[in-house]
Each structure stands twice: as structure tokens, then as C-alpha cells.
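What's in final.cif: mmCIF, C-alpha atoms (C1' of nucleotides)
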```cif
data_model
#
loop_
_atom_site.group_PDB
_atom_site.id
_atom_site.type_symbol
_atom_site.label_atom_id
_atom_site.label_comp_id
_atom_site.auth_asym_id
_atom_site.auth_seq_id
_atom_site.Cartn_x
_atom_site.Cartn_y
_atom_site.Cartn_z
ATOM 1 C CA MET H 22 0.000 0.000 0.000
ATOM 2 C CA ILE H 23 1.272 3.429 -0.844
ATOM 3 C CA SER H 24 1.404 5.252 2.445
ATOM 4 C CA GLY H 25 0.516 8.593 0.960
ATOM 5 C CA LYS H 26 -2.200 7.296 -1.313
ATOM 6 C CA PHE H 27 -5.022 9.220 0.298
ATOM 7 C CA ALA H 28 -2.953 12.394 0.486
ATOM 8 C CA ILE H 29 -1.971 12.126 -3.149
ATOM 9 C CA THR H 30 -5.490 11.320 -4.248
ATOM 10 C CA ILE H 31 -7.047 14.227 -2.456
ATOM 11 C CA HIS H 32 -4.336 16.524 -3.727
ATOM 12 C CA ILE H 33 -5.168 15.487 -7.273
ATOM 13 C CA LEU H 34 -8.878 15.934 -6.720
ATOM 14 C CA THR H 35 -8.424 19.326 -5.132
ATOM 15 C CA LEU H 36 -6.433 20.509 -8.126
ATOM 16 C CA LEU H 37 -9.053 19.185 -10.503
ATOM 17 C CA HIS H 38 -11.706 21.004 -8.544
ATOM 18 C CA LYS H 39 -9.737 24.242 -8.697
ATOM 19 C CA PHE H 40 -9.532 24.044 -12.491
ATOM 20 C CA PRO H 41 -12.930 22.644 -13.388
ATOM 21 C CA ASN H 42 -12.729 23.614 -17.033
ATOM 22 C CA ASP H 43 -9.315 22.226 -17.880
ATOM 23 C CA TYR H 44 -7.889 18.848 -18.544
ATOM 24 C CA LEU H 45 -4.857 18.832 -16.259
ATOM 25 C CA SER H 46 -1.853 16.822 -17.360
ATOM 26 C CA SER H 47 -0.206 14.329 -15.062
ATOM 27 C CA GLU H 48 2.957 16.372 -15.383
ATOM 28 C CA PHE H 49 1.250 19.500 -14.131
ATOM 29 C CA ILE H 50 -0.301 17.655 -11.212
ATOM 30 C CA ALA H 51 2.986 15.936 -10.453
ATOM 31 C CA GLY H 52 4.603 19.362 -10.312
ATOM 32 C CA SER H 53 2.278 20.442 -7.542
ATOM 33 C CA ILE H 54 2.639 17.265 -5.529
ATOM 34 C CA ASN H 55 6.323 16.957 -6.354
ATOM 35 C CA LEU H 56 5.865 13.393 -7.378
ATOM 36 C CA ASN H 57 6.693 11.311 -10.382
ATOM 37 C CA PRO H 58 4.067 11.727 -13.131
ATOM 38 C CA VAL H 59 3.781 7.981 -13.542
ATOM 39 C CA LEU H 60 2.615 7.645 -9.971
ATOM 40 C CA VAL H 61 0.089 10.377 -10.543
ATOM 41 C CA ARG H 62 -1.246 8.510 -13.536
ATOM 42 C CA LYS H 63 -1.538 5.393 -11.410
ATOM 43 C CA GLU H 64 -3.680 7.138 -8.854
ATOM 44 C CA ILE H 65 -5.716 8.660 -11.639
ATOM 45 C CA ALA H 66 -6.254 5.190 -13.060
ATOM 46 C CA ASN H 67 -7.796 4.259 -9.741
ATOM 47 C CA LEU H 68 -10.017 7.337 -9.749
ATOM 48 C CA LYS H 69 -11.088 6.528 -13.276
ATOM 49 C CA ALA H 70 -12.029 3.025 -12.255
ATOM 50 C CA HIS H 71 -14.349 4.641 -9.735
ATOM 51 C CA HIS H 72 -15.761 6.997 -12.364
ATOM 52 C CA VAL H 73 -14.757 10.039 -10.404
ATOM 53 C CA VAL H 74 -12.598 11.565 -13.112
ATOM 54 C CA GLU H 75 -12.309 11.282 -16.853
ATOM 55 C CA SER H 76 -9.180 11.494 -18.942
ATOM 56 C CA LYS H 77 -8.475 12.451 -22.468
ATOM 57 C CA GLU H 78 -5.475 11.027 -24.239
ATOM 58 C CA GLY H 79 -3.413 12.796 -26.828
ATOM 59 C CA LYS H 80 -2.243 16.350 -27.187
ATOM 60 C CA ASN H 81 -3.864 18.777 -24.754
ATOM 61 C CA GLY H 82 -5.154 15.731 -22.972
ATOM 62 C CA GLY H 83 -5.317 15.237 -19.261
ATOM 63 C CA THR H 84 -7.819 14.613 -16.544
ATOM 64 C CA LYS H 85 -10.799 16.414 -15.125
ATOM 65 C CA LEU H 86 -13.448 15.819 -12.512
ATOM 66 C CA ALA H 87 -16.435 13.811 -13.645
ATOM 67 C CA VAL H 88 -18.608 14.255 -10.581
ATOM 68 C CA ASN H 89 -20.048 17.053 -8.524
ATOM 69 C CA ALA H 90 -17.498 17.947 -5.862
ATOM 70 C CA ALA H 91 -20.273 18.804 -3.444
ATOM 71 C CA GLU H 92 -21.506 15.242 -3.596
ATOM 72 C CA LEU H 93 -18.205 13.448 -3.296
ATOM 73 C CA THR H 94 -17.323 12.867 0.323
ATOM 74 C CA LEU H 95 -13.941 12.312 1.855
ATOM 75 C CA LYS H 96 -15.261 9.008 3.046
ATOM 76 C CA GLN H 97 -15.828 7.896 -0.510
ATOM 77 C CA ILE H 98 -12.368 9.059 -1.455
ATOM 78 C CA PHE H 99 -10.949 7.292 1.563
ATOM 79 C CA GLU H 100 -12.646 4.087 0.503
ATOM 80 C CA MET H 101 -11.387 4.407 -3.033
ATOM 81 C CA THR H 102 -7.829 4.381 -1.776
ATOM 82 C CA PHE H 103 -8.435 1.058 -0.048
ATOM 83 C CA GLU H 104 -6.843 2.469 3.034
ATOM 84 C CA THR H 105 -8.104 1.778 6.470
ATOM 85 C CA ILE H 106 -7.566 3.339 9.816
ATOM 86 C CA GLY H 107 -5.851 1.145 12.293
ATOM 87 C CA LEU H 108 -2.819 0.615 14.408
ATOM 88 C CA GLY H 109 -1.379 -2.329 12.569
ATOM 89 C CA PHE H 110 -0.749 -5.954 13.250
ATOM 90 C CA ALA H 111 2.404 -7.778 14.122
ATOM 91 C CA LYS H 112 3.958 -8.950 10.912
ATOM 92 C CA ASN H 113 4.187 -12.632 11.677
ATOM 93 C CA GLN H 114 1.332 -14.908 12.469
ATOM 94 C CA PRO H 115 1.162 -15.186 16.246
ATOM 95 C CA ASN H 116 1.444 -18.496 18.024
ATOM 96 C CA PRO H 117 -1.811 -20.407 17.606
ATOM 97 C CA ASP H 118 -1.067 -22.504 20.673
ATOM 98 C CA CYS H 119 -1.181 -19.460 22.924
ATOM 99 C CA PRO H 120 -4.651 -18.278 23.921
ATOM 100 C CA VAL H 121 -3.562 -14.696 23.493
ATOM 101 C CA GLY H 122 -1.664 -15.227 20.248
ATOM 102 C CA LYS H 123 -4.513 -17.259 18.849
ATOM 103 C CA ASN H 124 -7.059 -14.479 19.198
ATOM 104 C CA ILE H 125 -5.197 -11.207 19.272
ATOM 105 C CA ASN H 126 -5.677 -10.346 15.632
ATOM 106 C CA GLN H 127 -9.364 -10.954 15.766
ATOM 107 C CA HIS H 128 -9.717 -8.597 18.722
ATOM 108 C CA LEU H 129 -7.533 -5.975 17.104
ATOM 109 C CA GLU H 130 -9.620 -6.193 13.982
ATOM 110 C CA ALA H 131 -12.756 -5.573 15.965
ATOM 111 C CA LEU H 132 -11.150 -2.589 17.614
ATOM 112 C CA TYR H 133 -9.925 -1.144 14.337
ATOM 113 C CA SER H 134 -13.250 -1.727 12.730
ATOM 114 C CA GLU H 135 -14.846 0.495 15.321
ATOM 115 C CA MET H 136 -12.206 3.126 14.669
ATOM 116 C CA ASN H 137 -13.050 3.024 11.001
ATOM 117 C CA GLN H 138 -16.679 3.596 11.756
ATOM 118 C CA LYS H 139 -15.900 6.624 13.871
ATOM 119 C CA VAL H 140 -13.549 8.103 11.339
ATOM 120 C CA GLY H 141 -15.854 7.174 8.504
ATOM 121 C CA ALA H 142 -18.648 9.143 10.136
ATOM 122 C CA GLN H 143 -16.371 12.131 10.351
ATOM 123 C CA LEU H 144 -15.232 11.902 6.748
ATOM 124 C CA GLU H 145 -18.748 11.402 5.523
ATOM 125 C CA GLY H 146 -19.538 14.922 6.646
ATOM 126 C CA ILE H 147 -16.884 16.568 4.495
ATOM 127 C CA SER H 148 -17.217 16.936 0.740
ATOM 128 C CA LEU H 149 -14.421 17.464 -1.717
ATOM 129 C CA GLU H 150 -15.853 20.907 -2.247
ATOM 130 C CA ASP H 151 -15.648 21.655 1.466
ATOM 131 C CA PHE H 152 -12.089 20.514 1.569
ATOM 132 C CA SER H 153 -11.062 22.332 -1.580
ATOM 133 C CA ASN H 154 -12.723 25.566 -0.531
ATOM 134 C CA GLN H 155 -10.423 25.789 2.446
ATOM 135 C CA PHE H 156 -7.619 26.749 0.092
ATOM 136 C CA MET F 25 7.891 3.831 12.878
ATOM 137 C CA ILE F 26 7.287 0.170 13.476
ATOM 138 C CA SER F 27 3.998 -0.546 11.812
ATOM 139 C CA GLY F 28 2.907 -3.122 14.333
ATOM 140 C CA LYS F 29 4.140 -1.248 17.372
ATOM 141 C CA PHE F 30 0.733 -0.849 18.940
ATOM 142 C CA ALA F 31 -0.235 -4.417 18.172
ATOM 143 C CA ILE F 32 2.971 -5.737 19.664
ATOM 144 C CA THR F 33 2.706 -3.535 22.708
ATOM 145 C CA ILE F 34 -0.830 -4.528 23.500
ATOM 146 C CA HIS F 35 0.018 -8.162 22.931
ATOM 147 C CA ILE F 36 2.808 -7.874 25.478
ATOM 148 C CA LEU F 37 0.590 -6.120 27.977
ATOM 149 C CA THR F 38 -2.193 -8.630 27.546
ATOM 150 C CA LEU F 39 0.195 -11.464 28.270
ATOM 151 C CA LEU F 40 1.518 -9.673 31.329
ATOM 152 C CA HIS F 41 -2.011 -9.184 32.534
ATOM 153 C CA LYS F 42 -2.807 -12.858 32.064
ATOM 154 C CA PHE F 43 0.145 -13.869 34.215
ATOM 155 C CA PRO F 44 0.111 -11.218 36.910
ATOM 156 C CA ASN F 45 2.339 -13.111 39.306
ATOM 157 C CA ASP F 46 5.134 -14.049 36.940
ATOM 158 C CA TYR F 47 8.051 -12.300 35.410
ATOM 159 C CA LEU F 48 7.687 -13.240 31.757
ATOM 160 C CA SER F 49 10.841 -13.529 29.696
ATOM 161 C CA SER F 50 11.221 -11.751 26.394
ATOM 162 C CA GLU F 51 11.686 -15.135 24.806
ATOM 163 C CA PHE F 52 8.367 -16.413 26.112
ATOM 164 C CA ILE F 53 6.592 -13.289 24.934
ATOM 165 C CA ALA F 54 8.366 -13.441 21.593
ATOM 166 C CA GLY F 55 7.127 -16.997 21.230
ATOM 167 C CA SER F 56 3.533 -15.853 21.505
ATOM 168 C CA ILE F 57 3.934 -12.934 19.130
ATOM 169 C CA ASN F 58 6.261 -14.871 16.850
ATOM 170 C CA LEU F 59 8.743 -12.055 16.869
ATOM 171 C CA ASN F 60 12.395 -11.666 17.576
ATOM 172 C CA PRO F 61 13.031 -11.359 21.329
ATOM 173 C CA VAL F 62 15.228 -8.324 20.811
ATOM 174 C CA LEU F 63 12.298 -6.455 19.365
ATOM 175 C CA VAL F 64 10.171 -7.472 22.304
ATOM 176 C CA ARG F 65 12.791 -6.089 24.650
ATOM 177 C CA LYS F 66 12.801 -2.846 22.730
ATOM 178 C CA GLU F 67 9.080 -2.418 23.167
ATOM 179 C CA ILE F 68 9.420 -3.338 26.798
ATOM 180 C CA ALA F 69 12.094 -0.675 27.161
ATOM 181 C CA ASN F 70 9.525 1.812 25.958
ATOM 182 C CA LEU F 71 6.927 0.532 28.403
ATOM 183 C CA LYS F 72 9.463 0.759 31.193
ATOM 184 C CA ALA F 73 10.204 4.356 30.293
ATOM 185 C CA HIS F 74 6.508 4.973 30.843
ATOM 186 C CA HIS F 75 6.567 3.108 34.169
ATOM 187 C CA VAL F 76 3.930 0.674 33.013
ATOM 188 C CA VAL F 77 6.010 -2.438 33.531
ATOM 189 C CA GLU F 78 8.985 -3.430 35.588
ATOM 190 C CA SER F 79 11.754 -5.836 34.677
ATOM 191 C CA LYS F 80 14.119 -7.991 36.588
ATOM 192 C CA GLU F 81 17.426 -8.962 35.085
ATOM 193 C CA GLY F 82 19.237 -12.198 35.638
ATOM 194 C CA LYS F 83 18.081 -15.745 35.942
ATOM 195 C CA ASN F 84 14.325 -16.115 36.293
ATOM 196 C CA GLY F 85 14.096 -12.491 35.350
ATOM 197 C CA GLY F 86 11.598 -10.976 33.018
ATOM 198 C CA THR F 87 8.909 -8.378 32.981
ATOM 199 C CA LYS F 88 5.632 -7.833 34.760
ATOM 200 C CA LEU F 89 2.913 -5.221 34.912
ATOM 201 C CA ALA F 90 3.563 -2.344 37.275
ATOM 202 C CA VAL F 91 0.166 -0.690 37.085
ATOM 203 C CA ASN F 92 -3.451 -1.589 37.584
ATOM 204 C CA ALA F 93 -4.789 -2.913 34.299
ATOM 205 C CA ALA F 94 -8.184 -1.446 35.058
ATOM 206 C CA GLU F 95 -6.688 2.016 35.103
ATOM 207 C CA LEU F 96 -4.535 1.788 32.013
ATOM 208 C CA THR F 97 -6.484 2.807 28.941
ATOM 209 C CA LEU F 98 -5.856 1.867 25.354
ATOM 210 C CA LYS F 99 -5.513 5.551 24.683
ATOM 211 C CA GLN F 100 -2.566 5.752 27.029
ATOM 212 C CA ILE F 101 -1.024 2.721 25.393
ATOM 213 C CA PHE F 102 -1.667 4.227 21.990
ATOM 214 C CA GLU F 103 0.104 7.391 23.037
ATOM 215 C CA MET F 104 3.047 5.469 24.412
ATOM 216 C CA THR F 105 3.650 3.951 21.006
ATOM 217 C CA PHE F 106 3.959 7.421 19.455
ATOM 218 C CA GLU F 107 1.642 6.292 16.737
ATOM 219 C CA THR F 108 -1.038 8.466 15.305
ATOM 220 C CA ILE F 109 -4.072 7.838 13.257
ATOM 221 C CA GLY F 110 -4.013 9.371 9.838
ATOM 222 C CA LEU F 111 -3.986 8.763 6.149
ATOM 223 C CA GLY F 112 -0.449 9.848 5.416
ATOM 224 C CA PHE F 113 1.238 12.581 3.530
ATOM 225 C CA ALA F 114 2.906 12.588 0.156
ATOM 226 C CA LYS F 115 6.534 11.844 0.695
ATOM 227 C CA ASN F 116 8.019 14.881 -0.960
ATOM 228 C CA GLN F 117 7.430 18.458 -0.011
ATOM 229 C CA PRO F 118 4.739 19.785 -2.316
ATOM 230 C CA ASN F 119 5.330 22.743 -4.584
ATOM 231 C CA PRO F 120 5.274 25.918 -2.462
ATOM 232 C CA ASP F 121 4.449 28.020 -5.520
ATOM 233 C CA CYS F 122 1.155 26.240 -5.983
ATOM 234 C CA PRO F 123 -1.692 27.416 -3.776
ATOM 235 C CA VAL F 124 -2.826 23.850 -3.280
ATOM 236 C CA GLY F 125 0.640 22.396 -2.781
ATOM 237 C CA LYS F 126 1.535 25.160 -0.389
ATOM 238 C CA ASN F 127 -1.283 24.388 2.015
ATOM 239 C CA ILE F 128 -2.283 20.790 1.532
ATOM 240 C CA ASN F 129 -0.273 19.372 4.391
ATOM 241 C CA GLN F 130 -1.617 21.867 6.822
ATOM 242 C CA HIS F 131 -5.177 20.978 5.906
ATOM 243 C CA LEU F 132 -4.461 17.283 6.056
ATOM 244 C CA GLU F 133 -2.935 17.714 9.465
ATOM 245 C CA ALA F 134 -6.063 19.450 10.698
ATOM 246 C CA LEU F 135 -8.167 16.634 9.329
ATOM 247 C CA TYR F 136 -6.015 13.946 10.869
ATOM 248 C CA SER F 137 -5.922 15.751 14.156
ATOM 249 C CA GLU F 138 -9.691 15.532 14.329
ATOM 250 C CA MET F 139 -9.490 11.837 13.547
ATOM 251 C CA ASN F 140 -7.119 11.360 16.423
ATOM 252 C CA GLN F 141 -9.507 13.044 18.771
ATOM 253 C CA LYS F 142 -12.349 10.803 17.702
ATOM 254 C CA VAL F 143 -10.306 7.669 17.984
ATOM 255 C CA GLY F 144 -8.709 8.858 21.206
ATOM 256 C CA ALA F 145 -12.138 9.230 22.750
ATOM 257 C CA GLN F 146 -12.953 5.685 21.743
ATOM 258 C CA LEU F 147 -9.729 4.253 23.123
ATOM 259 C CA GLU F 148 -10.073 6.174 26.336
ATOM 260 C CA GLY F 149 -13.111 4.104 27.172
ATOM 261 C CA ILE F 150 -11.313 0.772 27.000
ATOM 262 C CA SER F 151 -8.923 -0.406 29.683
ATOM 263 C CA LEU F 152 -6.224 -2.998 29.316
ATOM 264 C CA GLU F 153 -8.309 -5.135 31.637
ATOM 265 C CA ASP F 154 -11.321 -4.812 29.350
ATOM 266 C CA PHE F 155 -9.246 -5.757 26.371
ATOM 267 C CA SER F 156 -7.513 -8.632 28.086
ATOM 268 C CA ASN F 157 -10.720 -10.041 29.506
ATOM 269 C CA GLN F 158 -12.021 -10.619 26.010
ATOM 270 C CA PHE F 159 -9.638 -13.531 25.695
ATOM 271 C "C1'" DC N 14 0.124 13.037 -43.129
ATOM 272 C "C1'" DA N 15 3.655 14.043 -39.754
ATOM 273 C "C1'" DA N 16 5.113 15.988 -35.501
ATOM 274 C "C1'" DA N 17 4.082 16.926 -30.887
ATOM 275 C "C1'" DA N 18 1.962 16.229 -26.520
ATOM 276 C "C1'" DC N 19 -0.449 13.463 -24.026
ATOM 277 C "C1'" DT N 20 -2.224 8.894 -21.444
ATOM 278 C "C1'" DG N 21 -1.574 3.979 -20.124
ATOM 279 C "C1'" DT N 22 1.381 0.465 -18.592
ATOM 280 C "C1'" DA N 23 4.986 -2.653 -17.745
ATOM 281 C "C1'" DA N 24 9.472 -3.568 -16.265
ATOM 282 C "C1'" DC N 25 13.048 -2.479 -13.606
ATOM 283 C "C1'" DA N 26 15.984 0.329 -10.254
ATOM 284 C "C1'" DT N 27 16.576 2.765 -6.168
ATOM 285 C "C1'" DT N 28 15.619 4.258 -1.688
ATOM 286 C "C1'" DT N 29 13.594 3.881 2.634
ATOM 287 C "C1'" DT N 30 11.608 1.462 6.293
ATOM 288 C "C1'" DT N 31 10.917 -2.598 8.959
ATOM 289 C "C1'" DT N 32 12.293 -6.613 10.832
ATOM 290 C "C1'" DA N 33 15.831 -9.987 12.131
ATOM 291 C "C1'" DT N 34 20.247 -11.444 13.744
ATOM 292 C "C1'" DT N 35 24.485 -11.447 16.102
ATOM 293 C "C1'" DA N 36 27.240 -10.286 19.663
ATOM 294 C "C1'" DC N 37 28.346 -8.613 23.751
ATOM 295 C "C1'" DT N 38 27.933 -6.580 28.704
ATOM 296 C "C1'" DA N 39 25.796 -6.666 33.101
ATOM 297 C "C1'" DA N 40 22.808 -8.601 36.620
ATOM 298 C "C1'" DA N 41 20.575 -12.079 39.411
ATOM 299 C "C1'" DT N 42 19.947 -16.733 41.005
ATOM 300 C "C1'" DA N 43 20.760 -21.413 42.055
ATOM 301 C "C1'" DT X 9 30.722 -20.278 39.361
ATOM 302 C "C1'" DA X 10 27.573 -21.542 35.718
ATOM 303 C "C1'" DT X 11 23.340 -20.272 33.879
ATOM 304 C "C1'" DT X 12 19.743 -17.459 32.522
ATOM 305 C "C1'" DT X 13 18.045 -13.347 31.712
ATOM 306 C "C1'" DA X 14 17.761 -8.106 30.374
ATOM 307 C "C1'" DG X 15 19.872 -4.188 27.838
ATOM 308 C "C1'" DT X 16 21.745 -2.417 23.846
ATOM 309 C "C1'" DA X 17 24.481 -1.504 19.736
ATOM 310 C "C1'" DA X 18 25.803 -2.743 15.265
ATOM 311 C "C1'" DT X 19 24.822 -4.919 11.262
ATOM 312 C "C1'" DA X 20 22.205 -7.687 7.847
ATOM 313 C "C1'" DA X 21 18.245 -8.988 5.410
ATOM 314 C "C1'" DA X 22 13.714 -8.434 3.767
ATOM 315 C "C1'" DA X 23 9.883 -5.838 2.450
ATOM 316 C "C1'" DA X 24 7.624 -1.828 0.895
ATOM 317 C "C1'" DA X 25 7.404 2.478 -1.248
ATOM 318 C "C1'" DT X 26 8.867 5.481 -4.657
ATOM 319 C "C1'" DG X 27 11.208 6.678 -8.900
ATOM 320 C "C1'" DT X 28 12.734 5.973 -13.693
ATOM 321 C "C1'" DT X 29 12.804 4.483 -18.288
ATOM 322 C "C1'" DA X 30 10.724 2.976 -22.187
ATOM 323 C "C1'" DC X 31 7.412 2.502 -25.394
ATOM 324 C "C1'" DA X 32 2.718 1.732 -27.550
ATOM 325 C "C1'" DG X 33 -1.477 4.056 -28.452
ATOM 326 C "C1'" DT X 34 -4.343 8.598 -28.976
ATOM 327 C "C1'" DT X 35 -5.523 13.047 -30.158
ATOM 328 C "C1'" DT X 36 -4.599 17.608 -31.841
ATOM 329 C "C1'" DT X 37 -2.371 20.871 -34.664
ATOM 330 C "C1'" DG X 38 0.130 22.496 -38.563
#
```
As C-alpha cells, please, write out the structure in this file.
Amino acid sequence: MISGKFAITIHILTLLHKFPNDYLSSEFIAGSINLNPVLVRKEIANLKAHHVVESKEGKNGGTKLAVNAAELTLKQIFEMTFETIGLGFAKNQPNPDCPVGKNINQHLEALYSEMNQKVGAQLEGISLEDFSNQF
Amino acid sequence: MISGKFAITIHILTLLHKFPNDYLSSEFIAGSINLNPVLVRKEIANLKAHHVVESKEGKNGGTKLAVNAAELTLKQIFEMTFETIGLGFAKNQPNPDCPVGKNINQHLEALYSEMNQKVGAQLEGISLEDFSNQF
DNA sequence: CAAAACTGTAACATTTTTTATTACTAAATA
DNA sequence: TATTTAGTAATAAAAAATGTTACAGTTTTG
């Protein structure tokens, strides 16, 4: 998972919202994020798969928003990045012969799931437009 | 930051709570987590710095809880791990000449800070004893 | 039609972060 | 005194994230 996936995605979307009439090139966007244009195109591919943006190939091509920014919530964006809130798991599978090791991940998952609900409720209340209008 | 720091820490503390009368060795704990004992000792060093556990060196040494599990909240544990909830930042410093790039991190920080408050409130309501008694 | 400016991807390289190992000192106990 | 344990530093290995290069395919413009 790209650690800055959400940050990059929302940066892209904010730019697109700021220039609603233009197709922005991945190079232009990459210049604002200070990121490799290929990585920008990868995130855009994900946004396209969710029908949130549309791209035009060829000269003067680029990407623009395909939805109403007032109706796109940060929660939806968050979900599109496949990221989840949480505090991680130990890398290796814990010892199944230990009553704690056997069940720890299940209990952590339950805990993190609740976190996601709380944070999800927060993010649901913020639209891309809200976020972008802060700038 | 160790990605599973919180998970490891709470695993350790749960074990210590389950065996309140014993000094558990880092090797025993490592066996439950399936982690290198040196890493366990590092996390324990952090817990010691926060006066949550005490260790005894030498033969039959190990670590045990030094506080009342009913009074230690997951929020406190969370804070001891220096981890924060959030959805990351782009790795590189964004373009300061772009109005979006210039301010994005500040706005993300504000957003994440709110997340931390929400999650903190949740974790404050759960004690180590609560967590451990689930097992 | 040809050149230029884009997207879309795949393959590979590099860098950074995490995790693991080794090795050693010091302390406590039997 | 031998053994078992913590404490810690240094290093190695593995994994993950990020960056680069390359090139095919599209669209626009001259």
C-alpha cells in the first residue's frame, strides 16, 4: 500500500476542482505534488475506475473531474484508496497454541473496525468541495 | 515507525495481565507474538520508560505489569507507542508556488488531528483489563 | 500526413523502512 | 561459578514504497 495514497489522491482531486474547465496533465499535477508523473497517472487510473474523473489522451489531454465535488465525500475518497484506519498488526502470524496469540488479531480487527466507523462518520460529513474551498 | 508497534505492545501487555504473578521472559513473549526477542525487549524498554512495567534482570528475570490494568487505557497505550491515526502525507514536499501544494499538508494535518480526537475518545473508554478479559 | 503532446502500462531500479540477527555486557539466582 | 536473563548496539536482510525508463497508443495541430 502506498502510504501517501489518500494524500496524493485528495491533492489530485483538489487541483481538478480548482480548475474545473481544464484537462490537467499528469505532469502539471505531479509538479504540484512533487511526485513522479507515472505515480500520478496510477492514482488517476484508480479514480477513473471509480468513475470520479475522466481522462483524455493525446495532445492537450489530461484529466478532469467527472462528478459534482459537493456530492463526493472524503469518506468515498478514503474508501477508493483502499486504506483503512488502524494501528497495525504484528507482521508474523502469532502463536496459535497461545490463547492470546490465537485471538489477538481478531480482537484488534474488531477494535480497528470500530475506529473506522468513527472516522468514517467524520469523513462522511466533508465533501471534496468543502475541503477544496479551504484553500 | 514500526507498523505493528501498537499491536505488539498490546500483545505484550495482555500477556503480562494474564500472568500477573510471573516475570515473563522476552523469549516467552516473543514466542507468543512470533517475533524476535530483541524487538520485544525494545518495546518493553519503551513501556518501562513509561513506568507501566517493571523488569528484573538475571536468571528467572523478566517483565511484569507495574500498574493496575483497570486504570490503564488503550488511549494511554496508543500514546506510548507514538503512533497516530491518519492517512499519510505525500513523501516529498509539495510545490510551495502552488496554492494547493503550499497548504495541503496543513489541511491534512487538521483533518487527521480531528481523527485522532475521535479515535482517542474511543480508546479512552477501554482499559487494558477490558481488552484482556475478552480472551 | 507528420510531428508533438499526451495517457496507459509494464518492467526495472533505487531508496527507505521494517524486521531480524548477532554479539556482547551486566545482573541475578541457584 | 555456571546459567539465565535483560539491555543495547551494530549490522544484515527483507519488504515496501517510490522513482525511472521505455514505449505503444491517442488526439490535436500544422
Ground truth for the PyMOL selection byres ((chain H and resi 116) around 12), written as an MDAnalysis selection string: (chainID H and resid 111 113:115 117:126) or (chainID F and resid 35 52:59)
To test your reading of the syntax: which residues would the PyMOL selection byres ((chain N and resi 27) around 8) return for the file shown? Reply as a PyMOL selection string. (chain N and resi 26+28) or (chain X and resi 27)
Up to 8 Å from chain H, what residues of chain X turn up? Count all atoms listed in the file and give them as a VMD selection string. chain X and resid 24 to 25 27 34 to 36
Given the file above and the PyMOL selection byres ((chain N) within 8 of (chain F)), which residues are selected, and can you give them as a PyMOL selection string? chain N and resi 30-31+33+40-42
Hey, can you pull every residue with an atom no more than 12 Å from (-13.2, 5.5, 26.9), using only C-alpha atoms (C1' of nucleotides), and send it as a PyMOL selection string? chain F and resi 94-100+141-152+154-155
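Proximity of H:Ser153, H:Glu48, H:Phe110, H:Ser134 to chain F, computed with all atoms listed in the file, is greatest for H:Phe110.
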Between atom CA of Asn157 of chain F and atom CA of Leu40 of chain F, what distance in Å does the model show, to one decimal? 12.4 Å
What box, with edges along x, y and z, holds each listed atom of segment 16-35 of chain X when 4 Å is added on every side, and can you state its centre and edge lengths in Å to one decimal, as JSON?
```
{"center_x": 10.1, "center_y": 2.0, "center_z": -3.2, "size_x": 39.3, "size_y": 30.0, "size_z": 62.0}
```
Pick the closest to chain H from F:Lys115, F:His41, F:Arg65, F:His74: which is it, counting all atoms listed in the file?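 Using all atoms listed in the file, the shortest distance to chain H belongs to F:Lys115.
Note that atom CA of Lys88 of chain F and atom CA of Tyr47 of chain F are 5.1 Å apart.
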Record the distance separating atom CA of Leu132 of chain H and atom CA of Glu64 of chain H, expressed in Å with one decimal. 29.2 Å
Of the candidates F:Ala73, F:Ile101, F:Ile68, F:Ala31, which one gets nearest to chain H if we count all atoms listed in the file?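 When distances to chain H are compared using all atoms listed in the file, the smallest one comes from F:Ala31.
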N, CA and C atoms of segment 34-47 of chain H, written as a tab-separated table (two decimals), in the first residue's frame:
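For reference, decode.tsv as written:
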```
chain	number	residue	atom	x	y	z
H	34	LEU	N	-7.47	15.53	-6.59
H	34	LEU	CA	-8.88	15.93	-6.72
H	34	LEU	C	-9.06	17.42	-6.40
H	35	THR	N	-8.32	17.90	-5.46
H	35	THR	CA	-8.42	19.33	-5.13
H	35	THR	C	-7.97	20.17	-6.31
H	36	LEU	N	-6.89	19.78	-6.93
H	36	LEU	CA	-6.43	20.51	-8.13
H	36	LEU	C	-7.48	20.48	-9.22
H	37	LEU	N	-8.04	19.30	-9.44
H	37	LEU	CA	-9.05	19.18	-10.50
H	37	LEU	C	-10.25	20.08	-10.19
H	38	HIS	N	-10.58	20.16	-8.92
H	38	HIS	CA	-11.71	21.00	-8.54
H	38	HIS	C	-11.39	22.49	-8.74
H	39	LYS	N	-10.13	22.83	-8.55
H	39	LYS	CA	-9.74	24.24	-8.70
H	39	LYS	C	-9.73	24.68	-10.16
H	40	PHE	N	-9.57	23.72	-11.06
H	40	PHE	CA	-9.53	24.04	-12.49
H	40	PHE	C	-10.60	23.23	-13.20
H	41	PRO	N	-11.85	23.52	-12.94
H	41	PRO	CA	-12.93	22.64	-13.39
H	41	PRO	C	-13.08	22.60	-14.90
H	42	ASN	N	-12.51	23.58	-15.59
H	42	ASN	CA	-12.73	23.61	-17.03
H	42	ASN	C	-11.57	23.06	-17.84
H	43	ASP	N	-10.51	22.67	-17.16
H	43	ASP	CA	-9.31	22.23	-17.88
H	43	ASP	C	-9.07	20.74	-17.69
H	44	TYR	N	-8.47	20.18	-18.70
H	44	TYR	CA	-7.89	18.85	-18.54
H	44	TYR	C	-6.46	19.06	-18.04
H	45	LEU	N	-6.19	18.64	-16.83
H	45	LEU	CA	-4.86	18.83	-16.26
H	45	LEU	C	-3.98	17.63	-16.59
H	46	SER	N	-2.77	17.91	-17.01
H	46	SER	CA	-1.85	16.82	-17.36
H	46	SER	C	-1.23	16.24	-16.10
H	47	SER	N	-0.83	14.99	-16.22
H	47	SER	CA	-0.21	14.33	-15.06
H	47	SER	C	1.09	15.05	-14.68
```
